[in-house]
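What follows is a single structure, written as C-alpha cells, with notes after it.
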Amino acid sequence: MSTPTTTDAEALIENLDRKGPMHHFHHALHKYPWISPGIVLVIAIVIFGLINHRFWAISNLSLITQQVSIVGAIAVAQTLVILTAGIDLSVGAVAVLASMVMAKTAAEQGVPGPLALILGFAVGAAAGALNGFLITKLRLPPFIVTLGTLSIFMALTLIYATGRTINADKMGDAANILLWLGNPIQFGAFKITFGVVAMILLYVFFSWVLKNTAWGKHVYAVGDDPAAASLAGIRVNRVLFSVYLVGGIVLALAGWIAIGRVGSASPTILPDANLDSITAVVIGGTSLFGGRGTMFGTLIGAILVGVVSNGLVLAGLDQAYKVLAIGVLVIVSVALDQWIRKVRS
Amino acid sequence: MSDLSSIQPVVQAKGLIKTFGRVVGLNSANLELYPGEVLAVIGDNGAGKSTLIKCISGAETPDSGQIMIDGNEVSFKTSLDARAYGIETVYQTLAVAPALDIASNLYLGREKRKKGVLGTVFRKLDHSGMRTTAKEQMTKLGIGTLQDMSQAVETLSGGQRQAVSVARAEAFGSKVVILDEPTAALGVRESNQVLKMIELMRDRGLPIILISHNMPQVFEVADRIHVQRLGSRAAVVTPQTHTMNDAVAIMTGALKVDEKDQALGPVRVSATA
C-alpha cells in the first residue's frame, strides 16, 4: 500500500470521530448535560443506603427534600445569572435580607402578614435591580458588583436586625402566613412541606419559561455570545437587568421558604448559601461561561449536594468530608463541562 | 435601454459625510442600488466602505447627507430602524449564538409565538412553526442537507453557520440584503456555497450589496462594482467593461474612469421591475 492520501486521512479522522461509543456519549452529554450528575446522584443514593440503611428511610428522604428547599430555590436565581455568563455572590445575603424584612416589619411595626411579605419581595426585587443596574449601566463585572453587594446586603441585614433573631411567637398574627411554607403535606409516610412544593414549582416554571419564551432564548443567547445577540437585535442590557431583577424576586421567595423551614428569621442563617447555590448550578451541568445549562440540571445538583451532606453525616463522617466531597464534585463537573464544549459536527 | 434609465434605485445615498474626530470616514459619498442587482463595494482599507455600509444598515449615523429608500428619505438611529425597512445585514463574524439551535438562531430577536391564549397570555413560542419555516428557508437557499433544525449551531461547519446567517437575512430582508465580507472566515468550498446563495437571492429579485476584498468572487457575482476611494466613490464599473487589474488601479488611484464609461445606471433588468 502506498502512503495514504489526504482523503484517506480525512476518512480515518471522520471514522474516529463518528463511530466510537465515546462519541455518542459525548453528544448525549452535550445535549443533556444533566445526565452525568444524574448518574452520580443515583450512585450516591445507592452507596449511602448500603453504608447506613437509615439513609433510605422515608423519613430521612423527606428530611433531605426539606434541607434542599432553601438552597434549591436560591439556585434557581443563580442558574439564571450563570446562564448569562455572570455570577451572583450576593444571593444568600439577598434572601436573608428579604426574610428579615418580612419578619421584622410584622413583629415590630405590626404590619399585617400579606403586606410584610410584599415588603420582603419588594426588597428582594430592589436588591436584584441594584445588582442589575451596576452591571448594565456602570458596566462593572458581575463578580465584583455582587462581591460588593454581598457585604452591603449582609451589613444592612445586621444593622436592620440589630443582630437579633426574630422567633415565630414574636410575629403575632403574621406568623400564620410567614411560616405557611413550613406546613407539612403528608403522602403516607413521606412528608414534604409547602416550601418544598414552592421550590419544585419554581423549577417547573422557569424550565418552561427558558424553553418556551423569547425571553428564555434571549437569556441563553446573551450568555452564549453577547455580540452576536446584539447583532441579532436583542437588547443585551435589558435582558441582563431583567435576569437580576427576576433573580431578586426568586431570592425573596427563598427567604420566605427559609422562615418556614427554620421557624424564625435570623441574620446569620444561610452562611453557605452562596457557594452551595453555585455548586448546585455547576454540578447540574450549567456552564460558568454562560449560554448552556438547564434548570433541571440545577435541581439534580442541589439534591446531590443535599444527599451527599446528609449521607456523610449518617455514615458517621465528620462534616469536613462533606466540604471535601463537594469540592471534588465541583472540579469534576467543570472539567467535564470543558470537555463537553469541545463537541464538533 | 430607455426603460432602464427610468428605474428608481432601491437604496440611494447622497453626499454622505461622516467624520470620526479628525479622521474623515466618508467625504460626500454616493451610492445607488437598483432593483434585482448585486452591487459589490470594494476599496482599500480605510476607503470608507464599511462606514458607508454601516450608514445604510443603521449601525452608524452620517453627519450629513441623505439616505433614500425607494425615493423616500429615511434616517436610521440604530440597526433596528433599518431592519424595520427590510434591510438585513450578514456579518463576517458568523453572528450566531452557538448553543442555540438553527431555528432559534434564525428567529433570534424576532421569535414567533403560538396562536391563541398560549401565545398571547403565556407567550409560548411556536417551536414547530419556526422549525418548519427554518427548514423551508434553508432548502430554498440550497442547504437542504441540514435535516434537523433543532441541531445546535455549534455542531455546524463555518459555511453552514454562515448559511444560517444568510437564511436569516433572506427571511427578513424584504428590501435589501447587505453582506459584509461574508466569506472572509470561510474556506474555498464554503465560500462558493455562499456565492451560490447570493445568486439564488438575486434570482428571486432581492437586491444585494456585497462588501468584499476577494476580487475573483466580486467579478463572479456582481452586476456592478462600486469602487470606494478616500471616503467617496471613485467609479462604478462592471465585470464586462473592466478587468480586475482595472479595479485595483481605480482603488489605488492609478486609473481614473471617465463618467461616461462608468455604469452609474442600472445594468440588469430585474425580475421585479
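Starting from 1 in every chain, residues are counted up; chains themselves are A, B, ... following the order of the C-alpha cells, and ligands are numbered from 1 as listed.
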(message) Which residues are close to Leu181 in chain A, i.e. within 7 Å by only C-alpha atoms, leaving aside same-chain residues fewer than 6 positions away? Reply as a list in words.
(response)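 Using only C-alpha atoms, the neighbours found are Thr193, Phe194, Gly195, Ile257 and Gly260 of chain A.
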Selection from above, N, CA and C atoms, as a PDB file, in the first residue's frame, can you write it?
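Below is the file out23.pdb, written as the result:
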ATOM      1  N   THR A 193     -42.930  19.700  52.727  1.00  0.00           N
ATOM      2  CA  THR A 193     -43.555  20.943  53.181  1.00  0.00           C
ATOM      3  C   THR A 193     -44.007  21.746  51.964  1.00  0.00           C
ATOM      4  N   PHE A 194     -44.830  22.757  52.243  1.00  0.00           N
ATOM      5  CA  PHE A 194     -45.236  23.665  51.156  1.00  0.00           C
ATOM      6  C   PHE A 194     -44.007  24.332  50.539  1.00  0.00           C
ATOM      7  N   GLY A 195     -42.984  24.522  51.393  1.00  0.00           N
ATOM      8  CA  GLY A 195     -41.746  25.129  50.898  1.00  0.00           C
ATOM      9  C   GLY A 195     -41.111  24.277  49.812  1.00  0.00           C
ATOM     10  N   ILE A 257     -39.274  30.819  52.165  1.00  0.00           N
ATOM     11  CA  ILE A 257     -39.149  29.374  52.431  1.00  0.00           C
ATOM     12  C   ILE A 257     -38.284  29.160  53.683  1.00  0.00           C
ATOM     13  N   GLY A 260     -40.128  29.588  56.987  1.00  0.00           N
ATOM     14  CA  GLY A 260     -40.964  28.424  57.252  1.00  0.00           C
ATOM     15  C   GLY A 260     -40.150  27.228  57.704  1.00  0.00           C
TER      16      GLY A 260
END
(message) Write out as a PyMOL selection string the set of residues from range 27-266 of chain B that DSSP, computed on the backbone, places in alpha helix (DSSP H).
(response) chain B and resi 49-57+79-84+102-106+117-120+127-140+158-172+188-203+215-221+244-252
Residues from the last selection, C-alpha atoms, saved as a PDB file, in the first residue's frame:
ATOM      1  CA  LYS B  49     -16.637  51.117   2.501  1.00  0.00           C
ATOM      2  CA  SER B  50     -17.518  49.795   5.961  1.00  0.00           C
ATOM      3  CA  THR B  51     -18.618  53.222   7.147  1.00  0.00           C
ATOM      4  CA  LEU B  52     -20.748  53.664   4.044  1.00  0.00           C
ATOM      5  CA  ILE B  53     -22.431  50.309   4.589  1.00  0.00           C
ATOM      6  CA  LYS B  54     -22.878  50.941   8.311  1.00  0.00           C
ATOM      7  CA  CYS B  55     -24.732  54.158   7.487  1.00  0.00           C
ATOM      8  CA  ILE B  56     -27.099  52.193   5.261  1.00  0.00           C
ATOM      9  CA  SER B  57     -27.591  49.375   7.769  1.00  0.00           C
ATOM     10  CA  SER B  79     -29.793  48.882  13.044  1.00  0.00           C
ATOM     11  CA  LEU B  80     -33.273  48.023  14.317  1.00  0.00           C
ATOM     12  CA  ASP B  81     -34.609  51.052  12.408  1.00  0.00           C
ATOM     13  CA  ALA B  82     -33.002  49.774   9.210  1.00  0.00           C
ATOM     14  CA  ARG B  83     -34.475  46.357   9.804  1.00  0.00           C
ATOM     15  CA  ALA B  84     -37.928  47.841  10.045  1.00  0.00           C
ATOM     16  CA  ILE B 102     -30.793  26.523  13.913  1.00  0.00           C
ATOM     17  CA  ALA B 103     -34.441  27.533  14.154  1.00  0.00           C
ATOM     18  CA  SER B 104     -33.870  29.624  17.287  1.00  0.00           C
ATOM     19  CA  ASN B 105     -30.968  31.401  15.627  1.00  0.00           C
ATOM     20  CA  LEU B 106     -32.982  32.103  12.520  1.00  0.00           C
ATOM     21  CA  VAL B 117     -54.134  32.072  24.550  1.00  0.00           C
ATOM     22  CA  LEU B 118     -50.896  30.077  24.725  1.00  0.00           C
ATOM     23  CA  GLY B 119     -49.125  32.721  22.716  1.00  0.00           C
ATOM     24  CA  THR B 120     -50.757  35.903  23.950  1.00  0.00           C
ATOM     25  CA  HIS B 127     -41.338  25.827  18.040  1.00  0.00           C
ATOM     26  CA  SER B 128     -42.746  23.594  15.316  1.00  0.00           C
ATOM     27  CA  GLY B 129     -43.793  26.523  13.157  1.00  0.00           C
ATOM     28  CA  MET B 130     -40.353  28.091  13.419  1.00  0.00           C
ATOM     29  CA  ARG B 131     -38.664  24.784  12.591  1.00  0.00           C
ATOM     30  CA  THR B 132     -40.829  24.232   9.547  1.00  0.00           C
ATOM     31  CA  THR B 133     -40.134  27.670   8.100  1.00  0.00           C
ATOM     32  CA  ALA B 134     -36.459  27.385   9.012  1.00  0.00           C
ATOM     33  CA  LYS B 135     -36.299  24.139   7.061  1.00  0.00           C
ATOM     34  CA  GLU B 136     -38.036  25.684   4.044  1.00  0.00           C
ATOM     35  CA  GLN B 137     -35.739  28.656   4.219  1.00  0.00           C
ATOM     36  CA  MET B 138     -32.597  26.517   4.306  1.00  0.00           C
ATOM     37  CA  THR B 139     -33.829  24.336   1.461  1.00  0.00           C
ATOM     38  CA  LYS B 140     -34.665  27.425  -0.575  1.00  0.00           C
ATOM     39  CA  GLY B 158     -18.350  27.527   9.363  1.00  0.00           C
ATOM     40  CA  GLY B 159     -20.070  27.518   5.984  1.00  0.00           C
ATOM     41  CA  GLN B 160     -23.246  26.055   7.406  1.00  0.00           C
ATOM     42  CA  ARG B 161     -23.228  28.670  10.167  1.00  0.00           C
ATOM     43  CA  GLN B 162     -22.864  31.433   7.624  1.00  0.00           C
ATOM     44  CA  ALA B 163     -25.716  29.792   5.706  1.00  0.00           C
ATOM     45  CA  VAL B 164     -27.861  30.207   8.814  1.00  0.00           C
ATOM     46  CA  SER B 165     -26.969  33.922   8.883  1.00  0.00           C
ATOM     47  CA  VAL B 166     -27.738  34.299   5.189  1.00  0.00           C
ATOM     48  CA  ALA B 167     -31.005  32.426   5.594  1.00  0.00           C
ATOM     49  CA  ARG B 168     -31.945  34.746   8.436  1.00  0.00           C
ATOM     50  CA  ALA B 169     -31.175  37.813   6.330  1.00  0.00           C
ATOM     51  CA  GLU B 170     -33.107  36.429   3.374  1.00  0.00           C
ATOM     52  CA  ALA B 171     -36.108  35.538   5.512  1.00  0.00           C
ATOM     53  CA  PHE B 172     -36.473  39.011   6.987  1.00  0.00           C
ATOM     54  CA  VAL B 188     -12.982  27.823  -0.711  1.00  0.00           C
ATOM     55  CA  ARG B 189     -15.813  25.293  -0.933  1.00  0.00           C
ATOM     56  CA  GLU B 190     -17.865  27.039   1.719  1.00  0.00           C
ATOM     57  CA  SER B 191     -17.304  30.405   0.041  1.00  0.00           C
ATOM     58  CA  ASN B 192     -18.686  29.017  -3.196  1.00  0.00           C
ATOM     59  CA  GLN B 193     -21.755  27.869  -1.314  1.00  0.00           C
ATOM     60  CA  VAL B 194     -22.318  31.412  -0.034  1.00  0.00           C
ATOM     61  CA  LEU B 195     -21.809  32.833  -3.551  1.00  0.00           C
ATOM     62  CA  LYS B 196     -24.418  30.417  -4.821  1.00  0.00           C
ATOM     63  CA  MET B 197     -26.808  31.645  -2.147  1.00  0.00           C
ATOM     64  CA  ILE B 198     -26.176  35.212  -3.256  1.00  0.00           C
ATOM     65  CA  GLU B 199     -27.126  34.270  -6.816  1.00  0.00           C
ATOM     66  CA  LEU B 200     -30.241  32.469  -5.601  1.00  0.00           C
ATOM     67  CA  MET B 201     -31.357  35.520  -3.656  1.00  0.00           C
ATOM     68  CA  ARG B 202     -30.689  37.796  -6.630  1.00  0.00           C
ATOM     69  CA  ASP B 203     -32.649  35.493  -8.915  1.00  0.00           C
ATOM     70  CA  MET B 215     -11.704  40.173  -6.437  1.00  0.00           C
ATOM     71  CA  PRO B 216     -12.488  36.858  -8.170  1.00  0.00           C
ATOM     72  CA  GLN B 217     -15.629  36.489  -6.068  1.00  0.00           C
ATOM     73  CA  VAL B 218     -16.675  40.059  -6.775  1.00  0.00           C
ATOM     74  CA  PHE B 219     -16.157  39.624 -10.502  1.00  0.00           C
ATOM     75  CA  GLU B 220     -18.068  36.362 -10.424  1.00  0.00           C
ATOM     76  CA  VAL B 221     -21.309  37.547  -8.849  1.00  0.00           C
ATOM     77  CA  MET B 244      -9.637  43.027 -12.025  1.00  0.00           C
ATOM     78  CA  ASN B 245      -6.443  44.956 -12.707  1.00  0.00           C
ATOM     79  CA  ASP B 246      -8.502  47.979 -13.692  1.00  0.00           C
ATOM     80  CA  ALA B 247     -10.478  47.711 -10.462  1.00  0.00           C
ATOM     81  CA  VAL B 248      -7.305  47.585  -8.386  1.00  0.00           C
ATOM     82  CA  ALA B 249      -5.919  50.547 -10.321  1.00  0.00           C
ATOM     83  CA  ILE B 250      -9.070  52.546  -9.560  1.00  0.00           C
ATOM     84  CA  MET B 251      -8.835  51.582  -5.888  1.00  0.00           C
ATOM     85  CA  THR B 252      -5.270  52.878  -5.679  1.00  0.00           C
TER      86      THR B 252
END
(request) Identify, on the basis of only C-alpha atoms, every residue whose closest approach to Val68 in chain A does not exceed 9 Å; exclude the query and any residue fewer than 5 positions from it along the same chain; express the result as a count of residues only. (result) 8
(message) Residues of chain B within 8 Å of chain A, counting only C-alpha atoms, what are they? List them as a PyMOL selection string.
(response) chain B and resi 79-80+94-100+104+108-109+111+123-125+127+154-157
(message) Report, in Å with one decimal, the straight-line distance from CA of Thr241 in chain B to CA of Glu37 in chain B.
(response) 16.7 Å
(request) Return the single residue from B:Gly231, B:Gly187, B:Gly71, B:Pro239 that is closest to Tyr34 in chain B, with distances computed using only C-alpha atoms. (result) B:Gly71
(request) Record the distance separating CA of Gly49 in chain A and CA of Ala198 in chain A, expressed in Å with one decimal. (result)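 Going from CA of Gly49 in chain A over to CA of Ala198 in chain A covers 27.5 Å.
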